[in-house]
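File shown here: coords18.cif, holding mmCIF, C-alpha atoms and all ligand atoms.
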```cif
data_input
#
loop_
_atom_site.label_atom_id
_atom_site.label_comp_id
_atom_site.auth_asym_id
_atom_site.auth_seq_id
_atom_site.Cartn_x
_atom_site.Cartn_y
_atom_site.Cartn_z
CA MET A 1 26.90 -19.04 -9.01
CA VAL A 2 23.69 -19.62 -7.05
CA GLU A 3 23.82 -20.98 -3.50
CA VAL A 4 20.71 -22.30 -1.78
CA VAL A 5 20.86 -22.84 2.00
CA ARG A 6 17.84 -24.29 3.78
CA GLY A 7 17.50 -23.49 7.46
CA ARG A 8 14.92 -24.63 9.98
CA GLU A 9 12.42 -21.87 9.10
CA VAL A 10 13.72 -20.09 6.01
CA THR A 11 15.63 -20.86 2.84
CA VAL A 12 18.20 -18.35 1.60
CA THR A 13 19.15 -18.15 -2.08
CA PHE A 14 22.26 -16.18 -3.00
CA ASP A 15 23.06 -15.34 -6.63
CA GLY A 16 26.67 -14.15 -6.67
CA THR A 17 26.37 -12.87 -10.24
CA ARG A 18 23.88 -10.23 -9.06
CA CYS A 19 25.78 -9.05 -5.97
CA ILE A 20 27.13 -5.48 -6.23
CA HIS A 21 29.08 -5.75 -2.95
CA SER A 22 27.12 -3.08 -1.12
CA ARG A 23 27.90 -5.25 1.93
CA ASN A 24 24.57 -4.51 3.62
CA CYS A 25 24.31 -8.19 4.50
CA VAL A 26 27.76 -8.79 5.98
CA LEU A 27 27.85 -5.47 7.82
CA SER A 28 24.36 -5.64 9.32
CA HIS A 29 24.26 -9.37 10.11
CA PRO A 30 27.72 -10.94 10.02
CA ASP A 31 26.26 -13.81 12.03
CA VAL A 32 23.94 -14.76 9.13
CA PHE A 33 26.22 -13.77 6.23
CA VAL A 34 29.59 -14.59 7.73
CA PRO A 35 32.48 -12.94 5.88
CA ASN A 36 35.86 -14.56 5.36
CA VAL A 37 34.98 -17.96 6.76
CA ARG A 38 35.80 -21.44 5.52
CA GLY A 39 32.83 -23.62 4.66
CA GLU A 40 29.20 -22.49 4.80
CA TRP A 41 29.04 -18.70 5.09
CA ILE A 42 25.24 -18.38 4.97
CA ARG A 43 23.65 -19.31 8.30
CA PRO A 44 19.85 -18.87 8.16
CA ASP A 45 19.35 -20.24 11.68
CA ALA A 46 21.58 -17.64 13.35
CA ARG A 47 18.67 -15.17 13.62
CA PRO A 48 14.85 -15.35 13.78
CA ALA A 49 13.12 -15.87 10.45
CA ASP A 50 11.75 -12.30 10.27
CA VAL A 51 15.24 -10.87 10.66
CA VAL A 52 16.59 -13.05 7.85
CA LEU A 53 13.65 -12.03 5.65
CA ALA A 54 14.53 -8.38 6.32
CA ILE A 55 18.12 -8.97 5.23
CA GLY A 56 16.73 -10.19 1.91
CA ARG A 57 14.56 -7.08 1.55
CA ASN A 58 17.59 -4.87 2.25
CA CYS A 59 19.73 -6.40 -0.48
CA PRO A 60 19.58 -3.77 -3.24
CA SER A 61 20.68 -6.02 -6.08
CA GLY A 62 18.28 -8.91 -5.57
CA ALA A 63 21.25 -11.24 -5.01
CA ILE A 64 19.64 -12.43 -1.76
CA SER A 65 16.21 -14.00 -1.71
CA VAL A 66 14.67 -15.41 1.47
CA THR A 67 11.53 -17.54 1.71
CA ARG A 68 9.82 -19.12 4.69
CA ASN A 69 9.85 -22.89 4.30
CA ASP A 70 6.09 -23.04 4.95
CA GLY A 71 5.55 -20.61 2.05
CA THR A 72 3.91 -17.89 4.17
CA ALA A 73 6.42 -15.10 3.45
CA THR A 74 9.15 -14.14 1.04
CA SER A 75 11.51 -11.22 0.62
CA ASP A 76 10.48 -11.16 -3.03
CA GLU A 77 7.09 -9.51 -2.58
CA ALA A 78 6.51 -6.54 -4.87
CA PRO A 79 6.71 -3.18 -3.04
CA LEU A 80 3.74 -0.86 -2.45
CA VAL A 81 5.65 1.94 -4.18
CA ASN A 82 7.75 1.28 -7.28
CA THR A 83 11.07 3.11 -7.08
CA VAL A 84 14.39 3.49 -8.80
CA ARG A 85 17.12 4.90 -6.56
CA ILE A 86 20.01 6.82 -8.06
CA ARG A 87 23.12 5.57 -6.36
CA GLU A 88 26.01 8.04 -6.09
CA ASN A 89 28.77 6.98 -8.52
CA GLY A 90 26.92 3.69 -8.93
CA PRO A 91 23.99 1.89 -10.51
CA LEU A 92 20.24 2.37 -10.76
CA ALA A 93 18.61 0.37 -7.97
CA PHE A 94 15.09 -0.72 -8.89
CA GLU A 95 12.45 -2.00 -6.52
CA ALA A 96 9.26 -2.69 -8.42
CA GLU A 97 7.07 -5.36 -9.91
CA LEU A 98 9.86 -5.74 -12.39
CA SER A 99 10.22 -7.20 -15.87
CA ILE A 100 13.28 -6.83 -18.07
CA ARG A 101 12.69 -7.12 -21.81
CA GLY A 102 9.21 -8.31 -20.93
CA VAL A 103 10.49 -11.17 -18.77
CA PRO A 104 9.14 -11.02 -15.19
CA GLN A 105 12.00 -11.07 -12.69
CA LYS A 106 12.00 -13.49 -9.78
CA GLY A 107 12.16 -10.68 -7.25
CA PRO A 108 11.47 -6.95 -7.18
CA ARG A 109 15.02 -5.70 -6.71
CA ALA A 110 17.71 -5.27 -9.37
CA THR A 111 20.68 -2.95 -9.78
CA LEU A 112 21.17 -1.94 -13.40
CA CYS A 113 24.33 -0.51 -14.94
CA ARG A 114 24.44 3.24 -15.60
CA CYS A 115 28.20 3.67 -16.10
CA GLY A 116 28.34 1.70 -19.35
CA HIS A 117 31.13 -0.63 -18.20
CA SER A 118 29.35 -3.69 -16.81
CA ARG A 119 30.10 -6.99 -18.52
CA THR A 120 26.72 -8.32 -17.45
CA LYS A 121 24.49 -5.54 -18.82
CA PRO A 122 21.81 -4.59 -18.12
CA PHE A 123 22.86 -5.61 -14.58
CA CYS A 124 25.56 -3.85 -12.58
CA ASP A 125 28.64 -5.98 -11.93
CA GLY A 126 30.54 -3.41 -9.87
CA SER A 127 32.67 -2.20 -12.80
CA HIS A 128 31.79 1.43 -11.98
CA ALA A 129 34.34 1.35 -9.15
CA ALA A 130 37.32 0.30 -11.29
CA ALA A 131 36.15 2.65 -14.07
CA GLY A 132 36.14 5.61 -11.68
CA PHE A 133 32.57 6.46 -12.66
CA THR A 134 31.34 9.66 -11.07
CA ALA A 135 27.72 10.76 -11.12
CA THR A 136 25.64 12.41 -8.48
CA GLY A 137 23.06 10.52 -6.50
CA GLU A 138 21.27 13.83 -5.88
CA PRO A 139 19.96 15.08 -9.21
CA PRO A 140 17.68 18.13 -9.13
CA ALA A 141 13.97 17.47 -8.74
CA ARG A 142 11.69 18.03 -11.69
CA GLU A 143 8.13 19.26 -11.48
CA PHE A 144 5.90 16.22 -11.48
CA THR A 145 2.32 15.24 -10.83
CA PRO A 146 1.88 12.54 -8.20
CA LEU A 147 1.04 9.20 -9.76
CA GLU A 148 -2.55 7.96 -9.53
CA SER A 149 -1.15 4.54 -8.69
CA ARG A 150 2.31 3.95 -7.24
CA LEU A 151 2.54 0.24 -7.95
CA GLY A 152 1.91 -2.24 -10.76
CA PRO A 153 4.16 -3.72 -13.44
CA VAL A 154 7.33 -1.95 -14.55
CA ASN A 155 9.19 -3.06 -17.65
CA VAL A 156 12.79 -2.13 -18.49
CA GLU A 157 13.58 -2.32 -22.19
CA PRO A 158 17.30 -1.73 -22.90
CA GLN A 159 17.53 0.13 -26.20
CA PRO A 160 20.20 -1.14 -28.63
CA ASN A 161 23.33 1.02 -28.10
CA GLY A 162 21.20 3.39 -26.06
CA SER A 163 19.22 4.06 -22.93
CA LEU A 164 17.02 2.04 -20.62
CA LYS A 165 13.42 2.67 -21.62
CA VAL A 166 11.29 2.17 -18.51
CA THR A 167 7.51 1.87 -18.65
CA GLY A 168 5.18 1.73 -15.64
CA ASN A 169 4.39 3.69 -12.49
CA LEU A 170 7.79 4.66 -11.08
CA GLU A 171 9.17 7.17 -8.60
CA ILE A 172 12.74 8.31 -9.18
CA VAL A 173 14.41 8.73 -5.81
CA SER A 174 17.75 10.31 -4.89
CA GLY A 175 20.31 8.62 -2.70
CA THR A 176 19.04 10.51 0.33
CA GLY A 177 15.43 9.55 -0.34
CA ARG A 178 14.06 12.63 -2.15
CA THR A 179 11.54 11.82 -4.85
CA VAL A 180 12.91 13.80 -7.80
CA ASN A 181 10.37 12.67 -10.38
CA ALA A 182 7.37 10.39 -10.84
CA VAL A 183 6.85 8.95 -14.28
CA ARG A 184 4.91 6.45 -16.32
CA GLN A 185 7.62 6.30 -18.98
CA VAL A 186 11.23 7.44 -18.93
CA TRP A 187 14.52 6.93 -20.76
CA LEU A 188 17.41 6.56 -18.31
CA CYS A 189 21.08 6.91 -19.23
CA ARG A 190 23.10 3.71 -19.16
CA CYS A 191 26.12 4.82 -21.20
CA GLY A 192 27.48 7.04 -18.43
CA GLN A 193 27.86 10.02 -20.77
CA SER A 194 24.63 12.02 -20.40
CA ARG A 195 25.00 15.58 -19.15
CA ASN A 196 21.52 15.29 -17.72
CA LYS A 197 21.78 12.12 -15.62
CA PRO A 198 19.86 10.11 -14.71
CA TYR A 199 18.06 10.89 -17.96
CA CYS A 200 19.30 10.04 -21.45
CA ASP A 201 20.20 13.11 -23.54
CA SER A 202 21.33 11.11 -26.61
CA SER A 203 25.03 11.49 -25.74
CA HIS A 204 25.32 7.72 -26.31
CA LYS A 205 25.40 8.37 -30.08
CA ALA A 206 28.41 10.69 -30.03
CA ALA A 207 30.07 8.39 -27.48
CA GLY A 208 29.70 5.38 -29.77
CA PHE A 209 28.12 3.39 -26.94
CA VAL A 210 27.66 -0.27 -27.85
CA ALA A 211 25.27 -2.55 -25.94
CA ASP A 212 22.55 -5.06 -26.77
S1 LIG B 301 24.30 -6.67 -3.02
FE1 LIG B 301 23.12 -7.92 -1.56
S2 LIG B 301 24.32 -9.83 -1.39
FE2 LIG B 301 25.67 -8.31 -2.31
S3 LIG B 301 26.80 -7.45 -0.56
FE3 LIG B 301 24.99 -6.11 -0.95
S4 LIG B 301 23.39 -6.92 0.45
FE4 LIG B 301 24.99 -8.50 0.30
S1 LIG B 302 22.21 6.20 -22.73
FE1 LIG B 302 23.57 7.71 -21.91
S2 LIG B 302 22.93 9.53 -23.00
FE2 LIG B 302 21.56 8.00 -23.80
#
```
Represent the structure of the file as structure tokens.
Amino acid sequence: MVEVVRGREVTVTFDGTRCIHSRNCVLSHPDVFVPNVRGEWIRPDARPADVVLAIGRNCPSGAISVTRNDGTATSDEAPLVNTVRIRENGPLAFEAELSIRGVPQKGPRATLCRCGHSRTKPFCDGSHAAAGFTATGEPPAREFTPLESRLGPVNVEPQPNGSLKVTGNLEIVSGTGRTVNAVRQVWLCRCGQSRNKPYCDSSHKAAGFVAD
């Protein structure tokens, strides 16, 4: 379900199918994203345009997109540093000039399933919580050489019944913000079974993981 709410200065688009219920929006700005209210719950005019744009940039899943009505700014600009953040007991949160299966995404942010249980793979749908998925958000750092360029296109190619193959300049960042690796190509676990998360160690085969 996609809601589009046009305010005086900005238009907010909310894609409920992408929301992972991190609640950044309703906790930081309950005047703009009003929880538990009848009628319109998105109120773009409750705060200055720059504040509403920042709410969009802080939405990890890409569910929220904010654009100035005069076209001069959007929360969907690609970042200066491509990252994937490892969320404790949760998904892989990408922020990059992102394509999935070669299809450019509308915005730079997406949370992708790494527990294996989402019904909307490759996206996270929050199933990790009900599944009781546990995985650290603080994997050990590997030795890496700093990237020559930290931006540019990143493509995620879900492998049939296997990992997420990611190609492009990408920094892998822990939940507390440590860069634990910098890669130009990597295979990330999405079955939830690897003993070397966030990396694939081929455990998906023994686990009989099935995914497109
Ligand atoms: S994922 Fe985005 S839209 Fe969903 S609760 Fe978090 S900040 Fe709000
Ligand atoms: S996808 Fe999980 S081990 Fe390969």
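Neighbouring residues of Leu147 in chain A at 9 Å or closer, counting all atoms listed in the file and skipping chain neighbours under 5 positions away, are Asn169, Leu170, Glu171, Ala182, Val183 and Arg184 of chain A.
For the pair CA of Phe33 in chain A and CA of Thr134 in chain A, the interatomic distance is 29.6 Å.
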Next on the checklist: Neighbours of ligand LIG 302 (chain B) at 12 Å or closer, counting all atoms listed in the file: which residues, as JSON, numbers by chain?
Outcome noted: {"A": [113, 114, 115, 116, 117, 122, 135, 158, 159, 160, 161, 162, 163, 164, 165, 186, 187, 188, 189, 190, 191, 192, 193, 194, 195, 196, 197, 198, 199, 200, 201, 202, 203, 204, 205, 206, 207, 208, 209, 210, 211, 212]}
Checklist outcome for this item: With distances taken over all atoms listed in the file, the candidate from A:Asn89, A:Phe94, A:Lys106, A:Arg23 nearest Pro35 in chain A is A:Arg23
Checklist entry - Can you tell me which residues sit at most 10 Å away from ligand LIG 301 (chain B), counting all atoms listed in the file, written as a PyMOL selection string? => result chain A and resi 13-29+33+55-65+109-111+125-126
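Atom pair CA of Val173 in chain A / CA of Asp76 in chain A: separated by 20.5 Å.
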Checklist entry - Interatomic distance between CA of Val34 in chain A and CA of Ala129 in chain A? => result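 A separation of 23.7 Å between them.
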Checklist entry - With all atoms listed in the file as the atoms that count, which of A:Leu92, A:Val180, A:Val10, A:Val154 lies nearest to His128 in chain A? => result A:Leu92
Next on the checklist: For a quick check of understanding, using only C-alpha atoms, which of A:Cys124, A:Met1, A:Ala46, A:Ile100 has the smallest distance to Arg87 in chain A?
Outcome noted: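 The shortest atom-to-atom distance to Arg87 in chain A comes from A:Cys124.
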Checklist outcome for this item: Closest of A:Val4, A:Arg85, A:Phe123, A:Gln185 to Glu40 in chain A, counting only C-alpha atoms, is A:Val4
Next on the checklist: Here is a test: counting all atoms listed in the file, which residue of A:Ala78, A:Glu9, A:Val32, A:Gly132 is nearest to Pro104 in chain A?
Outcome noted: A:Ala78
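Distance annotation: of A:Thr67, A:Asn36, A:Thr145, A:Ser174, the residue with the minimal separation from Asp50 in chain A is A:Thr67; atom set is only C-alpha atoms.
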Please, could N, CA and C atoms be added to range 64-99 of chain A and the result written as a PDB file, in the frame of the given file?
```
ATOM      1  N   ILE A  64      20.149 -11.609  -2.871  1.00  0.00           N
ATOM      2  CA  ILE A  64      19.640 -12.430  -1.760  1.00  0.00           C
ATOM      3  C   ILE A  64      18.129 -12.536  -1.868  1.00  0.00           C
ATOM      4  N   SER A  65      17.642 -13.759  -1.763  1.00  0.00           N
ATOM      5  CA  SER A  65      16.210 -14.000  -1.710  1.00  0.00           C
ATOM      6  C   SER A  65      15.960 -14.933  -0.525  1.00  0.00           C
ATOM      7  N   VAL A  66      14.954 -14.608   0.283  1.00  0.00           N
ATOM      8  CA  VAL A  66      14.670 -15.410   1.470  1.00  0.00           C
ATOM      9  C   VAL A  66      13.187 -15.795   1.461  1.00  0.00           C
ATOM     10  N   THR A  67      12.915 -17.069   1.714  1.00  0.00           N
ATOM     11  CA  THR A  67      11.530 -17.540   1.710  1.00  0.00           C
ATOM     12  C   THR A  67      11.294 -18.421   2.937  1.00  0.00           C
ATOM     13  N   ARG A  68      10.164 -18.200   3.595  1.00  0.00           N
ATOM     14  CA  ARG A  68       9.820 -19.120   4.690  1.00  0.00           C
ATOM     15  C   ARG A  68       9.542 -20.505   4.121  1.00  0.00           C
ATOM     16  N   ASN A  69      10.007 -21.528   4.811  1.00  0.00           N
ATOM     17  CA  ASN A  69       9.850 -22.890   4.300  1.00  0.00           C
ATOM     18  C   ASN A  69       8.390 -23.321   4.224  1.00  0.00           C
ATOM     19  N   ASP A  70       7.517 -22.679   5.035  1.00  0.00           N
ATOM     20  CA  ASP A  70       6.090 -23.040   4.950  1.00  0.00           C
ATOM     21  C   ASP A  70       5.368 -22.198   3.901  1.00  0.00           C
ATOM     22  N   GLY A  71       6.119 -21.365   3.168  1.00  0.00           N
ATOM     23  CA  GLY A  71       5.550 -20.610   2.050  1.00  0.00           C
ATOM     24  C   GLY A  71       4.729 -19.399   2.453  1.00  0.00           C
ATOM     25  N   THR A  72       4.766 -18.993   3.724  1.00  0.00           N
ATOM     26  CA  THR A  72       3.910 -17.890   4.170  1.00  0.00           C
ATOM     27  C   THR A  72       4.528 -16.501   3.971  1.00  0.00           C
ATOM     28  N   ALA A  73       5.803 -16.428   3.646  1.00  0.00           N
ATOM     29  CA  ALA A  73       6.420 -15.100   3.450  1.00  0.00           C
ATOM     30  C   ALA A  73       7.664 -15.237   2.583  1.00  0.00           C
ATOM     31  N   THR A  74       7.943 -14.172   1.862  1.00  0.00           N
ATOM     32  CA  THR A  74       9.150 -14.140   1.040  1.00  0.00           C
ATOM     33  C   THR A  74       9.659 -12.707   0.982  1.00  0.00           C
ATOM     34  N   SER A  75      10.949 -12.567   0.801  1.00  0.00           N
ATOM     35  CA  SER A  75      11.510 -11.220   0.620  1.00  0.00           C
ATOM     36  C   SER A  75      11.258 -10.701  -0.780  1.00  0.00           C
ATOM     37  N   ASP A  76      10.660 -11.514  -1.624  1.00  0.00           N
ATOM     38  CA  ASP A  76      10.480 -11.160  -3.030  1.00  0.00           C
ATOM     39  C   ASP A  76       9.118 -10.561  -3.341  1.00  0.00           C
ATOM     40  N   GLU A  77       8.377 -10.148  -2.304  1.00  0.00           N
ATOM     41  CA  GLU A  77       7.090  -9.510  -2.580  1.00  0.00           C
ATOM     42  C   GLU A  77       7.314  -8.162  -3.271  1.00  0.00           C
ATOM     43  N   ALA A  78       6.416  -7.848  -4.193  1.00  0.00           N
ATOM     44  CA  ALA A  78       6.510  -6.540  -4.870  1.00  0.00           C
ATOM     45  C   ALA A  78       6.252  -5.431  -3.849  1.00  0.00           C
ATOM     46  N   PRO A  79       6.904  -4.280  -3.996  1.00  0.00           N
ATOM     47  CA  PRO A  79       6.710  -3.180  -3.040  1.00  0.00           C
ATOM     48  C   PRO A  79       5.365  -2.476  -3.272  1.00  0.00           C
ATOM     49  N   LEU A  80       4.968  -1.656  -2.311  1.00  0.00           N
ATOM     50  CA  LEU A  80       3.740  -0.860  -2.450  1.00  0.00           C
ATOM     51  C   LEU A  80       4.000   0.404  -3.271  1.00  0.00           C
ATOM     52  N   VAL A  81       5.274   0.795  -3.351  1.00  0.00           N
ATOM     53  CA  VAL A  81       5.650   1.940  -4.180  1.00  0.00           C
ATOM     54  C   VAL A  81       6.826   1.512  -5.052  1.00  0.00           C
ATOM     55  N   ASN A  82       6.647   1.601  -6.368  1.00  0.00           N
ATOM     56  CA  ASN A  82       7.750   1.280  -7.280  1.00  0.00           C
ATOM     57  C   ASN A  82       8.768   2.415  -7.271  1.00  0.00           C
ATOM     58  N   THR A  83      10.026   2.073  -7.103  1.00  0.00           N
ATOM     59  CA  THR A  83      11.070   3.110  -7.080  1.00  0.00           C
ATOM     60  C   THR A  83      12.288   2.686  -7.890  1.00  0.00           C
ATOM     61  N   VAL A  84      13.014   3.699  -8.364  1.00  0.00           N
ATOM     62  CA  VAL A  84      14.390   3.490  -8.800  1.00  0.00           C
ATOM     63  C   VAL A  84      15.226   4.509  -8.041  1.00  0.00           C
ATOM     64  N   ARG A  85      16.238   4.030  -7.343  1.00  0.00           N
ATOM     65  CA  ARG A  85      17.120   4.900  -6.560  1.00  0.00           C
ATOM     66  C   ARG A  85      18.400   5.146  -7.341  1.00  0.00           C
ATOM     67  N   ILE A  86      18.798   6.423  -7.342  1.00  0.00           N
ATOM     68  CA  ILE A  86      20.010   6.820  -8.060  1.00  0.00           C
ATOM     69  C   ILE A  86      21.167   6.717  -7.092  1.00  0.00           C
ATOM     70  N   ARG A  87      22.026   5.764  -7.310  1.00  0.00           N
ATOM     71  CA  ARG A  87      23.120   5.570  -6.360  1.00  0.00           C
ATOM     72  C   ARG A  87      24.331   6.395  -6.794  1.00  0.00           C
ATOM     73  N   GLU A  88      24.848   7.167  -5.849  1.00  0.00           N
ATOM     74  CA  GLU A  88      26.010   8.040  -6.090  1.00  0.00           C
ATOM     75  C   GLU A  88      27.150   7.225  -6.699  1.00  0.00           C
ATOM     76  N   ASN A  89      27.640   7.647  -7.846  1.00  0.00           N
ATOM     77  CA  ASN A  89      28.770   6.980  -8.520  1.00  0.00           C
ATOM     78  C   ASN A  89      28.511   5.502  -8.776  1.00  0.00           C
ATOM     79  N   GLY A  90      27.240   5.115  -8.789  1.00  0.00           N
ATOM     80  CA  GLY A  90      26.920   3.690  -8.930  1.00  0.00           C
ATOM     81  C   GLY A  90      25.681   3.468  -9.781  1.00  0.00           C
ATOM     82  N   PRO A  91      25.049   2.312  -9.597  1.00  0.00           N
ATOM     83  CA  PRO A  91      23.990   1.890 -10.510  1.00  0.00           C
ATOM     84  C   PRO A  91      22.626   2.500 -10.206  1.00  0.00           C
ATOM     85  N   LEU A  92      21.647   2.058 -10.973  1.00  0.00           N
ATOM     86  CA  LEU A  92      20.240   2.370 -10.760  1.00  0.00           C
ATOM     87  C   LEU A  92      19.649   1.189 -10.001  1.00  0.00           C
ATOM     88  N   ALA A  93      19.125   1.458  -8.809  1.00  0.00           N
ATOM     89  CA  ALA A  93      18.610   0.370  -7.970  1.00  0.00           C
ATOM     90  C   ALA A  93      17.084   0.372  -8.029  1.00  0.00           C
ATOM     91  N   PHE A  94      16.537  -0.612  -8.726  1.00  0.00           N
ATOM     92  CA  PHE A  94      15.090  -0.720  -8.890  1.00  0.00           C
ATOM     93  C   PHE A  94      14.479  -1.549  -7.766  1.00  0.00           C
ATOM     94  N   GLU A  95      13.294  -1.137  -7.358  1.00  0.00           N
ATOM     95  CA  GLU A  95      12.450  -2.000  -6.520  1.00  0.00           C
ATOM     96  C   GLU A  95      11.032  -1.813  -7.041  1.00  0.00           C
ATOM     97  N   ALA A  96      10.529  -2.827  -7.704  1.00  0.00           N
ATOM     98  CA  ALA A  96       9.260  -2.690  -8.420  1.00  0.00           C
ATOM     99  C   ALA A  96       8.778  -4.085  -8.816  1.00  0.00           C
ATOM    100  N   GLU A  97       7.560  -4.117  -9.305  1.00  0.00           N
ATOM    101  CA  GLU A  97       7.070  -5.360  -9.910  1.00  0.00           C
ATOM    102  C   GLU A  97       7.720  -5.451 -11.281  1.00  0.00           C
ATOM    103  N   LEU A  98       8.902  -6.015 -11.320  1.00  0.00           N
ATOM    104  CA  LEU A  98       9.860  -5.740 -12.390  1.00  0.00           C
ATOM    105  C   LEU A  98       9.914  -6.817 -13.464  1.00  0.00           C
ATOM    106  N   SER A  99       9.881  -6.352 -14.722  1.00  0.00           N
ATOM    107  CA  SER A  99      10.220  -7.200 -15.870  1.00  0.00           C
ATOM    108  C   SER A  99      11.382  -6.537 -16.591  1.00  0.00           C
TER     109      SER A  99
END
```
